[in-house]
file structure_2.json (JSON, C-alpha atoms and all ligand atoms)
[["chain", "number", "residue", "atom", "x", "y", "z"],
["A", 1, "MET", "CA", 134.25, 61.27, 111.96],
["A", 2, "GLU", "CA", 132.67, 64.69, 111.66],
["A", 3, "LYS", "CA", 129.45, 64.74, 113.71],
["A", 4, "LYS", "CA", 126.86, 67.33, 112.85],
["A", 5, "GLY", "CA", 123.68, 66.34, 114.64],
["A", 6, "ILE", "CA", 123.16, 66.51, 118.38],
["A", 7, "LEU", "CA", 123.27, 63.31, 120.39],
["A", 8, "LEU", "CA", 120.53, 63.46, 123.02],
["A", 9, "VAL", "CA", 120.43, 60.85, 125.76],
["A", 10, "VAL", "CA", 117.15, 60.58, 127.63],
["A", 11, "SER", "CA", 116.95, 58.63, 130.88],
["A", 12, "GLY", "CA", 114.41, 58.45, 133.63],
["A", 13, "PHE", "CA", 112.86, 55.98, 135.99],
["A", 14, "SER", "CA", 111.00, 53.13, 134.36],
["A", 15, "GLY", "CA", 107.43, 54.49, 134.13],
["A", 16, "ALA", "CA", 108.47, 58.15, 133.81],
["A", 17, "GLY", "CA", 106.82, 58.29, 130.40],
["A", 18, "LYS", "CA", 110.03, 58.65, 128.37],
["A", 19, "GLY", "CA", 108.77, 56.39, 125.61],
["A", 20, "THR", "CA", 105.61, 58.42, 125.00],
["A", 21, "LEU", "CA", 107.55, 61.64, 125.27],
["A", 22, "MET", "CA", 110.09, 60.58, 122.66],
["A", 23, "LYS", "CA", 107.45, 59.23, 120.28],
["A", 24, "GLU", "CA", 105.67, 62.57, 120.45],
["A", 25, "LEU", "CA", 108.90, 64.53, 119.96],
["A", 26, "LEU", "CA", 109.61, 62.56, 116.79],
["A", 27, "ARG", "CA", 106.07, 62.87, 115.52],
["A", 28, "ARG", "CA", 106.06, 66.67, 115.84],
["A", 29, "HIS", "CA", 109.57, 67.55, 114.75],
["A", 30, "ASP", "CA", 111.32, 65.99, 111.83],
["A", 31, "ASN", "CA", 114.98, 66.45, 112.64],
["A", 32, "TYR", "CA", 115.10, 63.66, 115.19],
["A", 33, "ALA", "CA", 116.06, 60.04, 114.70],
["A", 34, "LEU", "CA", 115.36, 57.52, 117.45],
["A", 35, "SER", "CA", 117.94, 54.83, 117.99],
["A", 36, "VAL", "CA", 116.47, 51.34, 118.44],
["A", 37, "SER", "CA", 118.36, 49.36, 121.07],
["A", 38, "ALA", "CA", 119.17, 45.69, 121.26],
["A", 39, "THR", "CA", 117.99, 43.78, 124.34],
["A", 40, "THR", "CA", 117.83, 40.28, 125.77],
["A", 41, "ARG", "CA", 114.53, 40.96, 127.53],
["A", 42, "ALA", "CA", 111.43, 39.29, 126.10],
["A", 43, "PRO", "CA", 109.08, 41.42, 123.98],
["A", 44, "ARG", "CA", 106.06, 42.88, 125.81],
["A", 45, "GLU", "CA", 102.66, 42.49, 124.27],
["A", 46, "GLY", "CA", 102.39, 44.79, 121.27],
["A", 47, "GLU", "CA", 106.15, 45.28, 120.87],
["A", 48, "GLU", "CA", 107.64, 44.57, 117.47],
["A", 49, "GLU", "CA", 111.08, 43.44, 116.41],
["A", 50, "GLY", "CA", 113.02, 46.42, 115.07],
["A", 51, "ARG", "CA", 110.46, 48.99, 116.28],
["A", 52, "GLU", "CA", 110.76, 49.01, 120.09],
["A", 53, "TYR", "CA", 113.89, 46.84, 120.22],
["A", 54, "PHE", "CA", 115.98, 44.32, 118.37],
["A", 55, "PHE", "CA", 115.28, 41.26, 120.53],
["A", 56, "LYS", "CA", 118.38, 39.10, 120.97],
["A", 57, "THR", "CA", 119.43, 35.95, 122.80],
["A", 58, "ARG", "CA", 122.27, 36.35, 125.32],
["A", 59, "GLU", "CA", 124.66, 34.68, 122.86],
["A", 60, "GLU", "CA", 123.69, 37.02, 120.03],
["A", 61, "PHE", "CA", 124.04, 40.01, 122.31],
["A", 62, "GLU", "CA", 127.47, 38.91, 123.54],
["A", 63, "GLN", "CA", 128.58, 38.56, 119.93],
["A", 64, "MET", "CA", 127.51, 42.12, 119.21],
["A", 65, "ILE", "CA", 129.65, 43.23, 122.16],
["A", 66, "ALA", "CA", 132.63, 41.20, 120.95],
["A", 67, "LYS", "CA", 132.37, 42.64, 117.44],
["A", 68, "GLY", "CA", 132.31, 46.22, 118.75],
["A", 69, "GLN", "CA", 128.84, 46.80, 117.28],
["A", 70, "LEU", "CA", 127.52, 48.63, 120.35],
["A", 71, "ILE", "CA", 128.33, 52.18, 121.45],
["A", 72, "GLU", "CA", 127.47, 51.17, 125.01],
["A", 73, "TYR", "CA", 125.62, 48.44, 126.81],
["A", 74, "ALA", "CA", 124.45, 47.82, 130.35],
["A", 75, "SER", "CA", 122.72, 45.25, 132.45],
["A", 76, "TYR", "CA", 119.35, 46.37, 133.80],
["A", 77, "VAL", "CA", 117.20, 44.24, 136.13],
["A", 78, "GLY", "CA", 118.68, 40.99, 134.79],
["A", 79, "ASN", "CA", 118.85, 41.78, 131.07],
["A", 80, "TYR", "CA", 121.31, 43.33, 128.65],
["A", 81, "TYR", "CA", 120.45, 46.50, 126.76],
["A", 82, "GLY", "CA", 122.73, 48.18, 124.22],
["A", 83, "THR", "CA", 122.91, 50.86, 121.52],
["A", 84, "PRO", "CA", 123.88, 49.71, 118.01],
["A", 85, "ARG", "CA", 126.65, 51.90, 116.67],
["A", 86, "ALA", "CA", 126.06, 52.02, 112.90],
["A", 87, "TYR", "CA", 122.67, 53.75, 112.88],
["A", 88, "VAL", "CA", 123.66, 56.42, 115.41],
["A", 89, "GLU", "CA", 126.84, 57.38, 113.56],
["A", 90, "GLU", "CA", 125.12, 57.42, 110.18],
["A", 91, "GLN", "CA", 122.26, 59.67, 111.37],
["A", 92, "LEU", "CA", 124.53, 62.10, 113.24],
["A", 93, "PHE", "CA", 126.69, 62.37, 110.16],
["A", 94, "LYS", "CA", 123.61, 63.25, 108.10],
["A", 95, "GLY", "CA", 122.92, 66.08, 110.55],
["A", 96, "ARG", "CA", 119.99, 64.52, 112.36],
["A", 97, "ASP", "CA", 119.62, 64.79, 116.12],
["A", 98, "VAL", "CA", 119.76, 61.29, 117.50],
["A", 99, "VAL", "CA", 117.81, 60.30, 120.60],
["A", 100, "LEU", "CA", 118.96, 57.43, 122.82],
["A", 101, "GLU", "CA", 116.47, 56.36, 125.43],
["A", 102, "ILE", "CA", 118.78, 54.51, 127.79],
["A", 103, "GLU", "CA", 119.43, 53.99, 131.49],
["A", 104, "ILE", "CA", 121.97, 55.77, 133.62],
["A", 105, "GLN", "CA", 125.06, 53.52, 133.30],
["A", 106, "GLY", "CA", 124.77, 53.67, 129.51],
["A", 107, "ALA", "CA", 124.24, 57.45, 129.63],
["A", 108, "ARG", "CA", 127.50, 57.88, 131.54],
["A", 109, "LYS", "CA", 129.40, 55.74, 129.05],
["A", 110, "VAL", "CA", 128.08, 57.71, 126.08],
["A", 111, "LYS", "CA", 129.03, 61.02, 127.71],
["A", 112, "GLU", "CA", 132.56, 59.74, 128.40],
["A", 113, "ARG", "CA", 132.94, 58.68, 124.83],
["A", 114, "PHE", "CA", 131.24, 61.69, 123.22],
["A", 115, "PRO", "CA", 131.54, 64.61, 125.68],
["A", 116, "ASP", "CA", 129.27, 66.91, 123.65],
["A", 117, "THR", "CA", 126.30, 64.57, 124.24],
["A", 118, "VAL", "CA", 123.31, 66.23, 125.91],
["A", 119, "LEU", "CA", 122.06, 64.23, 128.91],
["A", 120, "LEU", "CA", 118.46, 64.75, 129.93],
["A", 121, "PHE", "CA", 116.71, 63.13, 132.89],
["A", 122, "VAL", "CA", 112.91, 62.80, 132.83],
["A", 123, "SER", "CA", 111.01, 62.41, 136.08],
["A", 124, "PRO", "CA", 107.34, 61.99, 136.90],
["A", 125, "PRO", "CA", 105.92, 64.67, 139.23],
["A", 126, "SER", "CA", 106.17, 62.39, 142.28],
["A", 127, "ALA", "CA", 107.18, 58.90, 143.43],
["A", 128, "LYS", "CA", 103.53, 58.07, 144.03],
["A", 129, "GLU", "CA", 102.70, 58.93, 140.44],
["A", 130, "LEU", "CA", 105.59, 56.75, 139.26],
["A", 131, "ARG", "CA", 104.21, 53.76, 141.12],
["A", 132, "ARG", "CA", 100.74, 54.42, 139.74],
["A", 133, "ARG", "CA", 102.00, 54.60, 136.15],
["A", 134, "LEU", "CA", 104.02, 51.39, 136.51],
["A", 135, "THR", "CA", 101.08, 49.51, 137.98],
["A", 136, "GLU", "CA", 98.56, 50.85, 135.45],
["A", 137, "ARG", "CA", 100.71, 49.89, 132.49],
["A", 138, "GLY", "CA", 99.80, 46.32, 133.46],
["A", 139, "THR", "CA", 102.62, 44.81, 131.43],
["A", 140, "GLU", "CA", 104.84, 43.69, 134.32],
["A", 141, "SER", "CA", 104.49, 41.33, 137.27],
["A", 142, "ARG", "CA", 104.47, 42.75, 140.79],
["A", 143, "GLU", "CA", 108.00, 41.44, 141.30],
["A", 144, "VAL", "CA", 109.34, 43.24, 138.22],
["A", 145, "ILE", "CA", 107.59, 46.45, 139.32],
["A", 146, "GLU", "CA", 109.17, 46.20, 142.78],
["A", 147, "ASN", "CA", 112.61, 45.66, 141.19],
["A", 148, "ARG", "CA", 112.13, 48.63, 138.93],
["A", 149, "LEU", "CA", 111.14, 50.82, 141.88],
["A", 150, "LYS", "CA", 114.25, 49.69, 143.76],
["A", 151, "ARG", "CA", 116.32, 50.52, 140.74],
["A", 152, "ALA", "CA", 114.72, 53.98, 140.67],
["A", 153, "VAL", "CA", 116.10, 54.67, 144.17],
["A", 154, "GLU", "CA", 119.62, 53.98, 142.86],
["A", 155, "GLU", "CA", 119.08, 55.98, 139.68],
["A", 156, "ALA", "CA", 117.86, 58.98, 141.64],
["A", 157, "GLN", "CA", 121.35, 59.23, 143.16],
["A", 158, "GLY", "CA", 122.87, 59.91, 139.75],
["A", 159, "ILE", "CA", 120.60, 62.67, 138.47],
["A", 160, "GLU", "CA", 123.21, 65.41, 138.95],
["A", 161, "ASP", "CA", 125.38, 63.77, 136.27],
["A", 162, "TYR", "CA", 122.77, 64.90, 133.74],
["A", 163, "ASP", "CA", 122.77, 68.29, 132.02],
["A", 164, "TYR", "CA", 118.99, 68.76, 132.27],
["A", 165, "PHE", "CA", 116.19, 67.59, 134.55],
["A", 166, "VAL", "CA", 112.61, 67.84, 133.27],
["A", 167, "ILE", "CA", 109.33, 66.85, 134.90],
["A", 168, "ASN", "CA", 106.91, 65.00, 132.70],
["A", 169, "ASP", "CA", 103.59, 66.18, 134.07],
["A", 170, "ASP", "CA", 101.88, 67.69, 131.04],
["A", 171, "LEU", "CA", 103.02, 65.72, 127.96],
["A", 172, "ASN", "CA", 102.47, 68.56, 125.53],
["A", 173, "ALA", "CA", 104.48, 71.09, 127.52],
["A", 174, "CYS", "CA", 107.22, 68.59, 128.22],
["A", 175, "VAL", "CA", 107.71, 67.69, 124.54],
["A", 176, "GLU", "CA", 108.11, 71.33, 123.56],
["A", 177, "HIS", "CA", 110.41, 71.98, 126.49],
["A", 178, "VAL", "CA", 112.72, 69.15, 125.42],
["A", 179, "HIS", "CA", 112.69, 70.42, 121.85],
["A", 180, "GLN", "CA", 113.66, 73.91, 123.07],
["A", 181, "ILE", "CA", 116.56, 72.47, 125.03],
["A", 182, "VAL", "CA", 117.91, 70.83, 121.88],
["A", 183, "GLN", "CA", 117.48, 74.07, 119.92],
["A", 184, "CYS", "CA", 119.41, 76.00, 122.56],
["A", 185, "GLU", "CA", 122.15, 73.40, 122.59],
["A", 186, "ARG", "CA", 122.66, 74.01, 118.89],
["A", 187, "SER", "CA", 123.75, 77.57, 119.68],
["A", 188, "ARG", "CA", 126.55, 76.62, 122.04],
["A", 189, "THR", "CA", 129.84, 78.19, 120.96],
["A", 190, "GLY", "CA", 131.50, 74.78, 121.05],
["A", 191, "ARG", "CA", 129.16, 73.55, 118.31],
["A", 192, "SER", "CA", 129.75, 76.51, 116.01],
["A", 193, "ARG", "CA", 133.53, 76.56, 115.78],
["A", 194, "GLU", "CA", 133.60, 76.71, 111.98],
["A", 195, "GLN", "CA", 131.16, 79.62, 111.73],
["A", 196, "ILE", "CA", 132.98, 81.50, 114.47],
["A", 197, "GLN", "CA", 136.26, 81.06, 112.66],
["A", 198, "SER", "CA", 134.77, 82.17, 109.38],
["A", 199, "ILE", "CA", 133.30, 85.38, 110.80],
["A", 200, "ARG", "CA", 136.67, 86.13, 112.38],
["A", 201, "GLU", "CA", 138.37, 85.76, 109.03],
["A", 202, "GLU", "CA", 135.83, 88.01, 107.32],
["A", 203, "LEU", "CA", 136.24, 90.68, 109.98],
["A", 204, "LYS", "CA", 139.97, 90.67, 109.44],
["A", 205, "THR", "CA", 139.54, 91.43, 105.75],
["A", 206, "PHE", "CA", 137.39, 94.48, 106.61],
["A", 207, "SER", "CA", 139.87, 95.89, 109.04],
["A", 208, "LYS", "CA", 142.81, 95.79, 106.62],
["B", 1, "LIG", "P1", 112.39, 48.56, 129.28],
["B", 1, "LIG", "O1", 112.62, 47.11, 129.64],
["B", 1, "LIG", "O2", 111.39, 49.21, 130.20],
["B", 1, "LIG", "O3", 112.05, 48.74, 127.84],
["B", 1, "LIG", "O4", 113.77, 49.31, 129.52],
["B", 1, "LIG", "C1", 114.44, 49.22, 130.74],
["B", 1, "LIG", "C2", 115.52, 50.28, 130.83],
["B", 1, "LIG", "O5", 116.55, 50.03, 129.87],
["B", 1, "LIG", "C3", 115.01, 51.70, 130.54],
["B", 1, "LIG", "O6", 115.54, 52.57, 131.52],
["B", 1, "LIG", "C4", 115.58, 52.00, 129.19],
["B", 1, "LIG", "O7", 115.78, 53.39, 129.01],
["B", 1, "LIG", "C5", 116.88, 51.24, 129.23],
["B", 1, "LIG", "N1", 117.45, 50.98, 127.91],
["B", 1, "LIG", "C6", 116.80, 50.74, 126.75],
["B", 1, "LIG", "N2", 117.66, 50.58, 125.76],
["B", 1, "LIG", "C7", 118.91, 50.73, 126.27],
["B", 1, "LIG", "C8", 120.24, 50.69, 125.72],
["B", 1, "LIG", "O8", 120.46, 50.51, 124.53],
["B", 1, "LIG", "N3", 121.26, 50.89, 126.58],
["B", 1, "LIG", "C9", 121.08, 51.10, 127.91],
["B", 1, "LIG", "N4", 122.16, 51.32, 128.65],
["B", 1, "LIG", "N5", 119.85, 51.16, 128.45],
["B", 1, "LIG", "C10", 118.77, 50.97, 127.66]]
call {"tool": "encode", "arguments": {"input": "structure_2.json", "output": "structure tokens"}}
result
Amino acid sequence: MEKKGILLVVSGFSGAGKGTLMKELLRRHDNYALSVSATTRAPREGEEEGREYFFKTREEFEQMIAKGQLIEYASYVGNYYGTPRAYVEEQLFKGRDVVLEIEIQGARKVKERFPDTVLLFVSPPSAKELRRRLTERGTESREVIENRLKRAVEEAQGIEDYDYFVINDDLNACVEHVHQIVQCERSRTGRSREQIQSIREELKTFSK
């Protein structure tokens, strides 16, 4: 398959503000498409089927795995999460930049499979701020929050596997920064092989 768009994987500790950041990126710039994951976790208040996630039972999720319908999947704090393949491939093929907001194990799998994926890690300015954001969201029990903070300690060990690390302090600045990263990625020589070849050919005709 010829892929034209950029595949951008965004990870970060739960509570880093990735969701808001990505929503804002999509609202301001129209070349992005956000992949909606499948999960076995229960919907939070205000979440809608097909908008935040496709909510699945364990059996349904395991069938998706068996049928090869997921690009990657991982288990996170007791639930499955996975990226449906069809939408991502279709959007990349159309030339749109596809954003996956997934955790670290999934990010690694995507990079192995598609090495030109851009991996970006979003962090809050401090651990204290992370805890505050998780608590203020008010959507999780204390136990879930504690588990998510524990998971953050593990995830922090893997940050160097990412291509970029950005701090989400000022939302506005962070959105534009992420957009700039994607624009720069577009100019990598490895993504312009056809144009490079064509200019080479043209130059040859001039020097004859
Ligand atoms: P939450 O329950 O807060 O919505 O998500 C928990 C974690 O799962 C977050 O770190 C989120 O980025 C990650 N996640 C969401 N969708 C996927 C997915 O499709 N694959 C993987 N590997 N992780 C996901």
call {"tool": "closest_atom_pairs", "arguments": {"input": "structure_2.json", "of": "chain A", "to": "ligand LIG 1 (chain B)", "cutoff": "7 Å", "atoms": "all atoms listed in the file", "output": "JSON lines"}}
result
{"residue": "A:Ser11", "atom": "CA", "partner": "B:LIG1", "partner_atom": "O7", "distance": 5.7}
{"residue": "A:Gly12", "atom": "CA", "partner": "B:LIG1", "partner_atom": "O6", "distance": 6.3}
{"residue": "A:Phe13", "atom": "CA", "partner": "B:LIG1", "partner_atom": "O6", "distance": 6.2}
{"residue": "A:Ser14", "atom": "CA", "partner": "B:LIG1", "partner_atom": "O6", "distance": 5.4}
{"residue": "A:Ser37", "atom": "CA", "partner": "B:LIG1", "partner_atom": "O8", "distance": 4.2}
{"residue": "A:Ala38", "atom": "CA", "partner": "B:LIG1", "partner_atom": "O8", "distance": 6.0}
{"residue": "A:Thr39", "atom": "CA", "partner": "B:LIG1", "partner_atom": "N2", "distance": 7.0}
{"residue": "A:Arg41", "atom": "CA", "partner": "B:LIG1", "partner_atom": "O1", "distance": 6.8}
{"residue": "A:Glu72", "atom": "CA", "partner": "B:LIG1", "partner_atom": "N3", "distance": 6.4}
{"residue": "A:Tyr73", "atom": "CA", "partner": "B:LIG1", "partner_atom": "N4", "distance": 4.9}
{"residue": "A:Ala74", "atom": "CA", "partner": "B:LIG1", "partner_atom": "N4", "distance": 4.5}
{"residue": "A:Tyr76", "atom": "CA", "partner": "B:LIG1", "partner_atom": "O5", "distance": 6.1}
{"residue": "A:Tyr81", "atom": "CA", "partner": "B:LIG1", "partner_atom": "C8", "distance": 4.3}
{"residue": "A:Gly82", "atom": "CA", "partner": "B:LIG1", "partner_atom": "O8", "distance": 3.3}
{"residue": "A:Thr83", "atom": "CA", "partner": "B:LIG1", "partner_atom": "O8", "distance": 3.9}
{"residue": "A:Glu101", "atom": "CA", "partner": "B:LIG1", "partner_atom": "O7", "distance": 4.7}
{"residue": "A:Ile102", "atom": "CA", "partner": "B:LIG1", "partner_atom": "O7", "distance": 3.4}
{"residue": "A:Glu103", "atom": "CA", "partner": "B:LIG1", "partner_atom": "O6", "distance": 4.1}
{"residue": "A:Ile104", "atom": "CA", "partner": "B:LIG1", "partner_atom": "N4", "distance": 6.7}
{"residue": "A:Gln105", "atom": "CA", "partner": "B:LIG1", "partner_atom": "N4", "distance": 5.9}
{"residue": "A:Gly106", "atom": "CA", "partner": "B:LIG1", "partner_atom": "N4", "distance": 3.6}
{"residue": "A:Ala107", "atom": "CA", "partner": "B:LIG1", "partner_atom": "N4", "distance": 6.5}
call {"tool": "atom_distance", "arguments": {"input": "structure_2.json", "atom1": "atom CA of A:Lys4", "atom2": "atom CA of A:Gly95"}}
result
4.7 Å
call {"tool": "residues_around", "arguments": {"input": "structure_2.json", "residues": "A:Glu45", "least_positions_apart": "6", "cutoff": "12 Å", "atoms": "all atoms listed in the file", "output": "MDAnalysis selection string"}}
result
chainID A and resid 52 137:140
call {"tool": "residues_around", "arguments": {"input": "structure_2.json", "residues": "A:Arg186", "least_positions_apart": "2", "cutoff": "12 Å", "atoms": "only C-alpha atoms", "output": "mmCIF file with C-alpha atoms, keeping the file's coordinate frame"}}
result
data_model
loop_
_atom_site.group_PDB
_atom_site.id
_atom_site.type_symbol
_atom_site.label_atom_id
_atom_site.label_comp_id
_atom_site.auth_asym_id
_atom_site.auth_seq_id
_atom_site.Cartn_x
_atom_site.Cartn_y
_atom_site.Cartn_z
ATOM 1 C CA LYS A 4 126.860 67.330 112.850
ATOM 2 C CA GLY A 5 123.680 66.340 114.640
ATOM 3 C CA ILE A 6 123.160 66.510 118.380
ATOM 4 C CA LEU A 7 123.270 63.310 120.390
ATOM 5 C CA LEU A 8 120.530 63.460 123.020
ATOM 6 C CA GLY A 95 122.920 66.080 110.550
ATOM 7 C CA ARG A 96 119.990 64.520 112.360
ATOM 8 C CA ASP A 97 119.620 64.790 116.120
ATOM 9 C CA ASP A 116 129.270 66.910 123.650
ATOM 10 C CA THR A 117 126.300 64.570 124.240
ATOM 11 C CA VAL A 118 123.310 66.230 125.910
ATOM 12 C CA HIS A 179 112.690 70.420 121.850
ATOM 13 C CA GLN A 180 113.660 73.910 123.070
ATOM 14 C CA ILE A 181 116.560 72.470 125.030
ATOM 15 C CA VAL A 182 117.910 70.830 121.880
ATOM 16 C CA GLN A 183 117.480 74.070 119.920
ATOM 17 C CA CYS A 184 119.410 76.000 122.560
ATOM 18 C CA ARG A 188 126.550 76.620 122.040
ATOM 19 C CA THR A 189 129.840 78.190 120.960
ATOM 20 C CA GLY A 190 131.500 74.780 121.050
ATOM 21 C CA ARG A 191 129.160 73.550 118.310
ATOM 22 C CA SER A 192 129.750 76.510 116.010
ATOM 23 C CA ARG A 193 133.530 76.560 115.780
#
call {"tool": "closest_residue", "arguments": {"input": "structure_2.json", "among": "A:Tyr80, A:Ser207, A:Glu62, A:Arg108", "to": "A:Gly158", "atoms": "all atoms listed in the file"}}
result
A:Arg108
call {"tool": "closest_residue", "arguments": {"input": "structure_2.json", "among": "A:Arg28, A:His177, A:Lys94, A:Arg133", "to": "A:Ala16", "atoms": "only C-alpha atoms"}}
result
A:Arg133
call {"tool": "decode", "arguments": {"input": "structure_2.json", "residues": "stretch 123-132 of chain A", "atoms": "all heavy atoms", "output": "PDB file, in the first residue's frame"}}
result
ATOM      1  N   SER A 123       3.782  15.526  28.007  1.00  0.00           N
ATOM      2  CA  SER A 123       3.887  15.479  29.466  1.00  0.00           C
ATOM      3  C   SER A 123       3.298  16.748  30.078  1.00  0.00           C
ATOM      4  O   SER A 123       3.395  17.822  29.484  1.00  0.00           O
ATOM      5  CB  SER A 123       5.377  15.384  29.834  1.00  0.00           C
ATOM      6  OG  SER A 123       5.536  15.506  31.226  1.00  0.00           O
ATOM      7  N   PRO A 124       2.724  16.634  31.250  1.00  0.00           N
ATOM      8  CA  PRO A 124       2.347  17.863  31.961  1.00  0.00           C
ATOM      9  C   PRO A 124       3.627  18.499  32.508  1.00  0.00           C
ATOM     10  O   PRO A 124       4.668  17.826  32.544  1.00  0.00           O
ATOM     11  CB  PRO A 124       1.461  17.364  33.097  1.00  0.00           C
ATOM     12  CG  PRO A 124       1.874  15.958  33.309  1.00  0.00           C
ATOM     13  CD  PRO A 124       2.428  15.427  32.028  1.00  0.00           C
ATOM     14  N   PRO A 125       3.565  19.750  32.961  1.00  0.00           N
ATOM     15  CA  PRO A 125       4.790  20.410  33.431  1.00  0.00           C
ATOM     16  C   PRO A 125       5.432  19.736  34.643  1.00  0.00           C
ATOM     17  O   PRO A 125       6.636  19.813  34.816  1.00  0.00           O
ATOM     18  CB  PRO A 125       4.350  21.829  33.783  1.00  0.00           C
ATOM     19  CG  PRO A 125       2.947  21.966  33.344  1.00  0.00           C
ATOM     20  CD  PRO A 125       2.395  20.637  32.965  1.00  0.00           C
ATOM     21  N   SER A 126       4.638  19.048  35.471  1.00  0.00           N
ATOM     22  CA  SER A 126       5.219  18.397  36.654  1.00  0.00           C
ATOM     23  C   SER A 126       4.328  17.237  37.089  1.00  0.00           C
ATOM     24  O   SER A 126       3.163  17.149  36.685  1.00  0.00           O
ATOM     25  CB  SER A 126       5.310  19.391  37.814  1.00  0.00           C
ATOM     26  OG  SER A 126       3.993  19.726  38.241  1.00  0.00           O
ATOM     27  N   ALA A 127       4.872  16.375  37.951  1.00  0.00           N
ATOM     28  CA  ALA A 127       4.106  15.237  38.464  1.00  0.00           C
ATOM     29  C   ALA A 127       2.950  15.724  39.340  1.00  0.00           C
ATOM     30  O   ALA A 127       1.855  15.157  39.348  1.00  0.00           O
ATOM     31  CB  ALA A 127       5.029  14.313  39.250  1.00  0.00           C
ATOM     32  N   LYS A 128       3.206  16.810  40.060  1.00  0.00           N
ATOM     33  CA  LYS A 128       2.184  17.371  40.938  1.00  0.00           C
ATOM     34  C   LYS A 128       0.968  17.843  40.119  1.00  0.00           C
ATOM     35  O   LYS A 128      -0.189  17.605  40.473  1.00  0.00           O
ATOM     36  CB  LYS A 128       2.801  18.567  41.684  1.00  0.00           C
ATOM     37  CG  LYS A 128       2.186  18.836  43.021  1.00  0.00           C
ATOM     38  CD  LYS A 128       3.037  19.828  43.775  1.00  0.00           C
ATOM     39  CE  LYS A 128       2.136  20.727  44.593  1.00  0.00           C
ATOM     40  NZ  LYS A 128       2.816  21.933  45.019  1.00  0.00           N
ATOM     41  N   GLU A 129       1.283  18.471  39.004  1.00  0.00           N
ATOM     42  CA  GLU A 129       0.231  18.959  38.111  1.00  0.00           C
ATOM     43  C   GLU A 129      -0.553  17.774  37.517  1.00  0.00           C
ATOM     44  O   GLU A 129      -1.772  17.835  37.357  1.00  0.00           O
ATOM     45  CB  GLU A 129       0.879  19.818  37.008  1.00  0.00           C
ATOM     46  CG  GLU A 129      -0.048  20.288  35.896  1.00  0.00           C
ATOM     47  CD  GLU A 129      -1.157  21.223  36.337  1.00  0.00           C
ATOM     48  OE1 GLU A 129      -1.118  21.716  37.480  1.00  0.00           O
ATOM     49  OE2 GLU A 129      -2.094  21.435  35.528  1.00  0.00           O
ATOM     50  N   LEU A 130       0.147  16.695  37.221  1.00  0.00           N
ATOM     51  CA  LEU A 130      -0.514  15.499  36.688  1.00  0.00           C
ATOM     52  C   LEU A 130      -1.544  14.977  37.686  1.00  0.00           C
ATOM     53  O   LEU A 130      -2.690  14.697  37.347  1.00  0.00           O
ATOM     54  CB  LEU A 130       0.535  14.416  36.403  1.00  0.00           C
ATOM     55  CG  LEU A 130      -0.012  13.107  35.841  1.00  0.00           C
ATOM     56  CD1 LEU A 130      -0.550  13.318  34.432  1.00  0.00           C
ATOM     57  CD2 LEU A 130       1.056  12.027  35.825  1.00  0.00           C
ATOM     58  N   ARG A 131      -1.130  14.882  38.927  1.00  0.00           N
ATOM     59  CA  ARG A 131      -2.020  14.379  39.974  1.00  0.00           C
ATOM     60  C   ARG A 131      -3.238  15.298  40.125  1.00  0.00           C
ATOM     61  O   ARG A 131      -4.369  14.851  40.238  1.00  0.00           O
ATOM     62  CB  ARG A 131      -1.233  14.314  41.287  1.00  0.00           C
ATOM     63  CG  ARG A 131      -1.910  13.472  42.306  1.00  0.00           C
ATOM     64  CD  ARG A 131      -1.306  13.647  43.675  1.00  0.00           C
ATOM     65  NE  ARG A 131      -2.068  12.837  44.587  1.00  0.00           N
ATOM     66  CZ  ARG A 131      -1.744  11.599  44.911  1.00  0.00           C
ATOM     67  NH1 ARG A 131      -0.659  11.056  44.448  1.00  0.00           N
ATOM     68  NH2 ARG A 131      -2.508  10.904  45.721  1.00  0.00           N
ATOM     69  N   ARG A 132      -2.968  16.595  40.064  1.00  0.00           N
ATOM     70  CA  ARG A 132      -4.058  17.565  40.201  1.00  0.00           C
ATOM     71  C   ARG A 132      -5.072  17.404  39.057  1.00  0.00           C
ATOM     72  O   ARG A 132      -6.280  17.345  39.271  1.00  0.00           O
ATOM     73  CB  ARG A 132      -3.484  18.997  40.195  1.00  0.00           C
ATOM     74  CG  ARG A 132      -4.486  20.062  40.621  1.00  0.00           C
ATOM     75  CD  ARG A 132      -3.981  21.481  40.370  1.00  0.00           C
ATOM     76  NE  ARG A 132      -3.816  21.772  38.947  1.00  0.00           N
ATOM     77  CZ  ARG A 132      -4.797  22.076  38.112  1.00  0.00           C
ATOM     78  NH1 ARG A 132      -6.038  22.135  38.549  1.00  0.00           N
ATOM     79  NH2 ARG A 132      -4.551  22.306  36.843  1.00  0.00           N
TER      80      ARG A 132
END
